[in-house]
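J.: Shown below is the structure under consideration.
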Amino acid sequence: MVDVSDLTLVSPVRESRSVSFENPTGQRGAGGIAAGGRKGAPSRDVQPGERVVLADLRGPGTVRHLWLTFPPGPPTRTRALYLEVYYDDLTEPSISVPCADFFGAPHGRPVSFATALTSIQEARGFNSYIPMAFGDRIRVELVNGSLKPSTVYFQLDYTLDDEAASGRLHASFRRQNPTTPREDFVITEGLRGPGRFLGCVVGVRPLDPGTWYGEGEVKMYLDDDGESPSICGTGLEDYVGTAWGMGPHSAPYGGAPLEVRQPGTGLGTLPDFVGFYRWHVLDPIVFAERLRVTIQQIGADHFFEGEEERLDLAVREGRVAGNGIQRRQGSPVIASGLFERVDDYCATAFTVCSSPQPVPRVDVEMAIADLGRRPYEEADELEFLFA
C-alpha cells in the first residue's frame, strides 16, 4: 500500500472518489447533477427511527475522510444519532458508535477542537481522517435514534486501490452507568488479532464525591497476559498526556476538550461531564491474538477540619485505595488519600484488526440516559433554527 502521507506522490493506480447525497454511488462524472448542478441535494431529512445508507461501495479501497454535520440540539438528541459500518457482506457492524463520540465528543456535547485524526470545527463540523480500508465492499449507515427528524449533510472521500490494505477499522461503544466498585471499566475487549489499538474517546460523569476523579490507571492486557497487564499507566490525566489534574485542552494525540462544570468552580470541585481522547499513532499498541483495555475508578480526596465523620465513613466503607490515608498536622487539610469511586463511564474504542468482526450495537436508551442539559449550560446559538 502506498504511503499517502508522502505529498510528492503521484499514483497512477489509485482513483480518488467522493460520496454525498449529490453523488450516492461515488461514480466519476456523477457529482452535482441534481437541480441542474445548482446544489439540488446537499442534505437529507432523516426521520425518527430511520436508517440511511450513506455509502455502499465496492473495493478494494480506503475511506480517507468523513465529514458530517447535523443541527445542534439537546445532548440526548445529539447522542441518539449513530453510525454503523459493515465490511464485505457481513450482517453485523464492525463500527457502531454515536456520531459525536466517533469524532471525539462524548455525552452528546460537541465542542470545538482538533486532533491528529479527528476534529470538530466550531463544534458543528465533524471530521474524521481515520483510514477505513475495505476489500470487496463497505457499507456506511446513519441511524436517527431520536424522537425528532434531523437534517444531515455529509461527504465521504475515498480512494480505489489496486489491492486491499491489511487491516479493518473497528469502533465500539460501551457505557457503564454506574460502574461497579473495585471493577475496572472496560474500554475494549473481545476482538481477535492480529491487530492494533488505535486509541479511544472516553467520557466521565463523576458521581461519587471527592476533589478529583482521575487517579485510575489505564491498563492494557496483551495476548497471554493474566491478572497483570503488559502496559500500565500512572493515572487518567497522565494517559492523556497532561498532569496535576485535567482542564479543557487539545493536542494532536491526546486531550480533554470537553469539561462541563458549574460556573465559578475550579480545581478541587468535580465537573458534571468530562470527555478526553488518546490516539496511539506514534506509540503503537499491537497485539497478536487478544487485547483488553481497562481504566480504574480511583480518585483523590482531601478532608478538612470538621470532616472527621466523612473521613471515618470512607474508611468504614472500605474505599481507601493505594497506600492508604496520609494524615497531616498543623494544616486545614487533616488527611488526604486515594479512594475507590463509582462513576458513569463511556468509551469509544478504535481498533484495527486483520479481519472484520462484529462489535456490540449501540443501545440508544442506555447511551442517552442521564445526559440532560444542566441549568447553567447554554444552547448553541443556531439551535433555535432547528427546534
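Ordering of the C-alpha cells sets the chain letters (A, B, ...); residue numbers start at 1 within each chain; ligands are numbered from 1 in the order shown.
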Env of segment 213-227 of chain A: 10 Å cut, atoms = only C-alpha atoms, seq-sep filter 2 positions within chain, self excluded. Answer as a ChimeraX atom specification.

T.: /A:184-189,192-194,197,204-211,229-239,244-246,268-271,285-301,322,338-343

J.: Leaving out Ser250 of chain A and any residue of its chain fewer than 3 positions from it, which residues lie within 8 Å of it when counting only C-alpha atoms, given as a list in words?

T.: Phe113, Ala114, Thr115, Gly254, Gly255, Ala256 and Pro257 of chain A

J.: Grab the residues selected above and save them as a compact mmCIF listing (two decimals), in the first residue's frame with all heavy atoms.

T.:
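Once written, selection_30.txt looks like this:
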```
# COMPACT_ATOMS: atom_id res chain seq x y z
N PHE A 113 -12.53 21.51 18.67
CA PHE A 113 -11.15 21.08 18.91
C PHE A 113 -10.64 20.38 17.66
O PHE A 113 -11.40 20.05 16.76
CB PHE A 113 -11.05 20.16 20.13
CG PHE A 113 -11.69 18.80 19.94
CD1 PHE A 113 -10.92 17.70 19.58
CD2 PHE A 113 -13.04 18.62 20.12
CE1 PHE A 113 -11.51 16.45 19.40
CE2 PHE A 113 -13.64 17.39 19.95
CZ PHE A 113 -12.87 16.30 19.58
N ALA A 114 -9.32 20.15 17.62
CA ALA A 114 -8.70 19.46 16.50
C ALA A 114 -7.62 18.52 17.02
O ALA A 114 -6.87 18.87 17.93
CB ALA A 114 -8.09 20.46 15.52
N THR A 115 -7.55 17.33 16.43
CA THR A 115 -6.53 16.35 16.78
C THR A 115 -5.86 15.86 15.50
O THR A 115 -6.20 16.29 14.40
CB THR A 115 -7.16 15.15 17.53
OG1 THR A 115 -7.69 14.20 16.57
CG2 THR A 115 -8.28 15.59 18.45
N GLY A 254 -3.56 13.56 22.22
CA GLY A 254 -4.28 13.41 23.47
C GLY A 254 -4.80 14.74 23.94
O GLY A 254 -4.19 15.79 23.71
N GLY A 255 -5.95 14.71 24.60
CA GLY A 255 -6.51 15.95 25.12
C GLY A 255 -7.85 15.71 25.78
O GLY A 255 -8.39 14.59 25.76
N ALA A 256 -8.38 16.75 26.40
CA ALA A 256 -9.66 16.68 27.10
C ALA A 256 -10.45 17.95 26.77
O ALA A 256 -10.55 18.86 27.59
CB ALA A 256 -9.44 16.55 28.61
N PRO A 257 -11.01 18.02 25.57
CA PRO A 257 -11.66 19.26 25.15
C PRO A 257 -12.98 19.55 25.84
O PRO A 257 -13.41 20.70 25.89
CB PRO A 257 -11.88 19.05 23.65
CG PRO A 257 -11.90 17.57 23.46
CD PRO A 257 -10.97 17.02 24.48
```

J.: Could you pull the residues within 12 Å of Gln47 of chain A, counting only C-alpha atoms, minus those fewer than 2 positions along the same chain, as a list of chain:residue names?

T.: A:Arg44, A:Asp45, A:Gly49, A:Glu50, A:Arg51, A:Val52, A:Leu81, A:Leu142, A:Val143, A:Asn144, A:Gly145, A:Ser146, A:Leu147, A:Lys148, A:Pro149, A:Ser150, A:Thr151, A:Val152

J.: Could you write out, as number ranges by chain, all the residues of segment 276-310 of chain A that DSSP marks as strand (DSSP E)?

T.: A: 276-279, 285-287, 291-295, 298-304

J.: The selected residues should be written to file as an mmCIF file, in the first residue's frame (atoms: N, CA and C atoms).

T.:
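part07.cif, freshly written:
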```
data_model
loop_
_atom_site.group_PDB
_atom_site.id
_atom_site.type_symbol
_atom_site.label_atom_id
_atom_site.label_comp_id
_atom_site.auth_asym_id
_atom_site.auth_seq_id
_atom_site.Cartn_x
_atom_site.Cartn_y
_atom_site.Cartn_z
ATOM 1 N N PHE A 276 -12.385 12.995 27.092
ATOM 2 C CA PHE A 276 -10.976 13.029 26.671
ATOM 3 C C PHE A 276 -10.728 11.996 25.581
ATOM 4 N N TYR A 277 -9.604 12.147 24.870
ATOM 5 C CA TYR A 277 -9.222 11.221 23.818
ATOM 6 C C TYR A 277 -7.733 10.926 23.927
ATOM 7 N N ARG A 278 -7.340 9.794 23.361
ATOM 8 C CA ARG A 278 -5.919 9.422 23.279
ATOM 9 C C ARG A 278 -5.718 8.594 22.027
ATOM 10 N N TRP A 279 -4.823 9.045 21.138
ATOM 11 C CA TRP A 279 -4.525 8.329 19.902
ATOM 12 C C TRP A 279 -3.137 7.694 19.985
ATOM 13 N N ILE A 285 0.134 0.363 19.855
ATOM 14 C CA ILE A 285 -0.207 -0.736 20.760
ATOM 15 C C ILE A 285 -0.645 -1.905 19.884
ATOM 16 N N VAL A 286 0.225 -2.905 19.725
ATOM 17 C CA VAL A 286 -0.042 -4.020 18.821
ATOM 18 C C VAL A 286 -0.234 -5.300 19.631
ATOM 19 N N PHE A 287 -1.032 -6.197 19.076
ATOM 20 C CA PHE A 287 -1.284 -7.483 19.736
ATOM 21 C C PHE A 287 -1.427 -8.559 18.674
ATOM 22 N N LEU A 291 -6.706 -8.513 23.038
ATOM 23 C CA LEU A 291 -6.481 -7.196 23.623
ATOM 24 C C LEU A 291 -7.602 -6.897 24.607
ATOM 25 N N ARG A 292 -7.222 -6.342 25.747
ATOM 26 C CA ARG A 292 -8.196 -5.860 26.724
ATOM 27 C C ARG A 292 -7.646 -4.577 27.329
ATOM 28 N N VAL A 293 -8.421 -3.494 27.253
ATOM 29 C CA VAL A 293 -8.001 -2.202 27.783
ATOM 30 C C VAL A 293 -9.017 -1.776 28.832
ATOM 31 N N THR A 294 -8.534 -1.398 30.020
ATOM 32 C CA THR A 294 -9.418 -1.008 31.118
ATOM 33 C C THR A 294 -8.896 0.258 31.794
ATOM 34 N N ILE A 295 -9.771 0.858 32.597
ATOM 35 C CA ILE A 295 -9.365 2.005 33.416
ATOM 36 C C ILE A 295 -10.011 1.873 34.791
ATOM 37 N N ILE A 298 -10.612 5.279 40.389
ATOM 38 C CA ILE A 298 -9.936 5.689 41.614
ATOM 39 C C ILE A 298 -9.740 7.195 41.555
ATOM 40 N N GLY A 299 -10.018 7.864 42.658
ATOM 41 C CA GLY A 299 -9.848 9.309 42.714
ATOM 42 C C GLY A 299 -9.131 9.731 43.975
ATOM 43 N N ALA A 300 -8.969 11.025 44.137
ATOM 44 C CA ALA A 300 -8.326 11.584 45.325
ATOM 45 C C ALA A 300 -9.350 12.400 46.111
ATOM 46 N N ASP A 301 -9.119 12.488 47.408
ATOM 47 C CA ASP A 301 -9.992 13.309 48.249
ATOM 48 C C ASP A 301 -9.155 13.936 49.349
ATOM 49 N N HIS A 302 -9.586 15.113 49.785
ATOM 50 C CA HIS A 302 -8.938 15.846 50.859
ATOM 51 C C HIS A 302 -9.986 16.163 51.918
ATOM 52 N N PHE A 303 -9.617 15.993 53.156
ATOM 53 C CA PHE A 303 -10.555 16.180 54.261
ATOM 54 C C PHE A 303 -10.084 17.343 55.133
ATOM 55 N N PHE A 304 -10.997 18.259 55.375
ATOM 56 C CA PHE A 304 -10.666 19.458 56.133
ATOM 57 C C PHE A 304 -11.158 19.326 57.580
#
```

J.: Pick out each residue of segment 99-263 of chain A that DSSP on the backbone tags as helix (DSSP H, G or I); I need them as a PyMOL selection string.

T.: chain A and resi 99-103+236-240

J.: Could you write those residues out with N, CA and C atoms, as an mmCIF file, in the first residue's frame?

T.:
```cif
data_model
loop_
_atom_site.group_PDB
_atom_site.id
_atom_site.type_symbol
_atom_site.label_atom_id
_atom_site.label_comp_id
_atom_site.auth_asym_id
_atom_site.auth_seq_id
_atom_site.Cartn_x
_atom_site.Cartn_y
_atom_site.Cartn_z
ATOM 1 N N CYS A 99 -22.620 9.244 16.729
ATOM 2 C CA CYS A 99 -21.861 10.077 15.785
ATOM 3 C C CYS A 99 -20.846 10.972 16.484
ATOM 4 N N ALA A 100 -21.293 11.751 17.464
ATOM 5 C CA ALA A 100 -20.386 12.701 18.099
ATOM 6 C C ALA A 100 -19.223 11.993 18.779
ATOM 7 N N ASP A 101 -19.478 10.845 19.408
ATOM 8 C CA ASP A 101 -18.408 10.091 20.060
ATOM 9 C C ASP A 101 -17.378 9.624 19.037
ATOM 10 N N PHE A 102 -17.836 9.217 17.861
ATOM 11 C CA PHE A 102 -16.916 8.748 16.831
ATOM 12 C C PHE A 102 -15.901 9.824 16.470
ATOM 13 N N PHE A 103 -16.329 11.081 16.498
ATOM 14 C CA PHE A 103 -15.440 12.186 16.136
ATOM 15 C C PHE A 103 -14.723 12.793 17.340
ATOM 16 N N LEU A 236 -5.194 8.859 35.092
ATOM 17 C CA LEU A 236 -6.008 9.241 33.945
ATOM 18 C C LEU A 236 -5.402 10.415 33.187
ATOM 19 N N GLU A 237 -5.102 11.506 33.879
ATOM 20 C CA GLU A 237 -4.587 12.670 33.168
ATOM 21 C C GLU A 237 -3.205 12.391 32.584
ATOM 22 N N ASP A 238 -2.453 11.485 33.194
ATOM 23 C CA ASP A 238 -1.150 11.104 32.665
ATOM 24 C C ASP A 238 -1.308 10.365 31.331
ATOM 25 N N TYR A 239 -2.311 9.508 31.247
ATOM 26 C CA TYR A 239 -2.580 8.791 29.995
ATOM 27 C C TYR A 239 -2.909 9.767 28.871
ATOM 28 N N VAL A 240 -3.639 10.814 29.186
ATOM 29 C CA VAL A 240 -3.993 11.820 28.190
ATOM 30 C C VAL A 240 -2.769 12.619 27.757
#
```

J.: Which neighbours of Ser119 of chain A fall inside 10 Å, counting only C-alpha atoms, when residues of the same chain fewer than 6 positions from it are skipped, and could you give them as a VMD selection string?

T.: chain A and resid 67 103 to 105 111 to 113 125 to 129

J.: Just checking: using only C-alpha atoms, which residue out of A:Ile138, A:Leu313, A:Ser20, A:Leu258 ends up closest to Ala41 of chain A?

T.: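 Among A:Ile138, A:Leu313, A:Ser20, A:Leu258, it is A:Ser20 that comes nearest to Ala41 of chain A.
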
J.: Could you check how far atom CA of Gly135 of chain A sits from atom CA of Pro60 of chain A, in Å to one decimal?

T.: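 Result for atom CA of Gly135 of chain A versus atom CA of Pro60 of chain A: 4.3 Å, one decimal.
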
J.: Please indicate the distance in Å from atom CA of Thr78 of chain A to atom CA of Thr118 of chain A, rounded to one decimal place.

T.: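 Those two atoms sit 17.8 Å apart.
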
J.: So how far away is atom CA of Gly203 of chain A from atom CA of Pro106 of chain A, in Å?

T.: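 For atom CA of Pro106 of chain A relative to atom CA of Gly203 of chain A, the distance reads 5.4 Å.
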
J.: Name all residues at most 8 Å from Asp136 of chain A (count only C-alpha atoms; drop same-chain ones fewer than 2 positions away) and give them as number ranges by chain.

T.: A: 58-60, 87-88, 134, 138

J.: Using only C-alpha atoms, which protein or nucleic acid residues come within 6 Å of Cys346 of chain A? Drop anything in the same chain fewer than 5 positions from it, and give the result as a ChimeraX atom specification.

T.: /A:174-175,202-203

J.: Could you give me, as a PyMOL selection string, the residues within 12 Å of Val140 of chain A, counting only C-alpha atoms and dropping anything in the same chain fewer than 2 positions from it?

T.: chain A and resi 19-20+24+51-58+63+66+82-88+93-97+132+134+137-138+142-143+154-156

J.: Export C-alpha atoms of the chosen residues as an mmCIF file, in the first residue's frame?

T.:
```cif
data_model
loop_
_atom_site.group_PDB
_atom_site.id
_atom_site.type_symbol
_atom_site.label_atom_id
_atom_site.label_comp_id
_atom_site.auth_asym_id
_atom_site.auth_seq_id
_atom_site.Cartn_x
_atom_site.Cartn_y
_atom_site.Cartn_z
ATOM 1 C CA VAL A 19 -19.804 10.183 -1.988
ATOM 2 C CA SER A 20 -22.530 12.551 -0.832
ATOM 3 C CA PRO A 24 -24.530 8.486 -3.676
ATOM 4 C CA ARG A 51 -31.705 4.193 8.816
ATOM 5 C CA VAL A 52 -29.981 5.856 5.852
ATOM 6 C CA VAL A 53 -27.218 4.315 3.733
ATOM 7 C CA LEU A 54 -24.570 6.993 3.295
ATOM 8 C CA ALA A 55 -22.318 4.844 1.126
ATOM 9 C CA ASP A 56 -22.321 1.325 -0.331
ATOM 10 C CA LEU A 57 -19.038 0.896 -2.189
ATOM 11 C CA ARG A 58 -17.157 -1.854 -3.966
ATOM 12 C CA VAL A 63 -12.126 5.754 3.129
ATOM 13 C CA LEU A 66 -15.601 11.593 6.519
ATOM 14 C CA TYR A 82 -25.214 6.906 15.428
ATOM 15 C CA LEU A 83 -23.020 5.412 12.703
ATOM 16 C CA GLU A 84 -22.692 1.777 11.650
ATOM 17 C CA VAL A 85 -20.168 0.352 9.183
ATOM 18 C CA TYR A 86 -20.310 -3.106 7.581
ATOM 19 C CA TYR A 87 -17.461 -4.780 5.685
ATOM 20 C CA ASP A 88 -17.896 -7.192 2.774
ATOM 21 C CA PRO A 93 -21.498 -3.977 12.005
ATOM 22 C CA SER A 94 -17.793 -3.624 12.755
ATOM 23 C CA ILE A 95 -18.412 0.008 13.735
ATOM 24 C CA SER A 96 -21.417 1.003 15.849
ATOM 25 C CA VAL A 97 -20.901 4.303 17.661
ATOM 26 C CA MET A 132 -11.114 2.736 6.818
ATOM 27 C CA PHE A 134 -12.087 -2.239 2.777
ATOM 28 C CA ARG A 137 -17.329 -3.897 -0.046
ATOM 29 C CA ILE A 138 -18.045 -1.282 2.628
ATOM 30 C CA LEU A 142 -26.524 6.520 9.795
ATOM 31 C CA VAL A 143 -29.408 5.886 12.184
ATOM 32 C CA PHE A 154 -22.077 14.521 4.693
ATOM 33 C CA GLN A 155 -19.170 13.917 2.350
ATOM 34 C CA LEU A 156 -17.144 10.712 2.300
#
```

J.: Give the answer as one residue: which of A:Phe350, A:Ala133, A:Arg109, A:Tyr158 has the shortest atom-to-atom distance to Gln27 of chain A, using only C-alpha atoms?

T.: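 Closest to Gln27 of chain A, using only C-alpha atoms: A:Tyr158.
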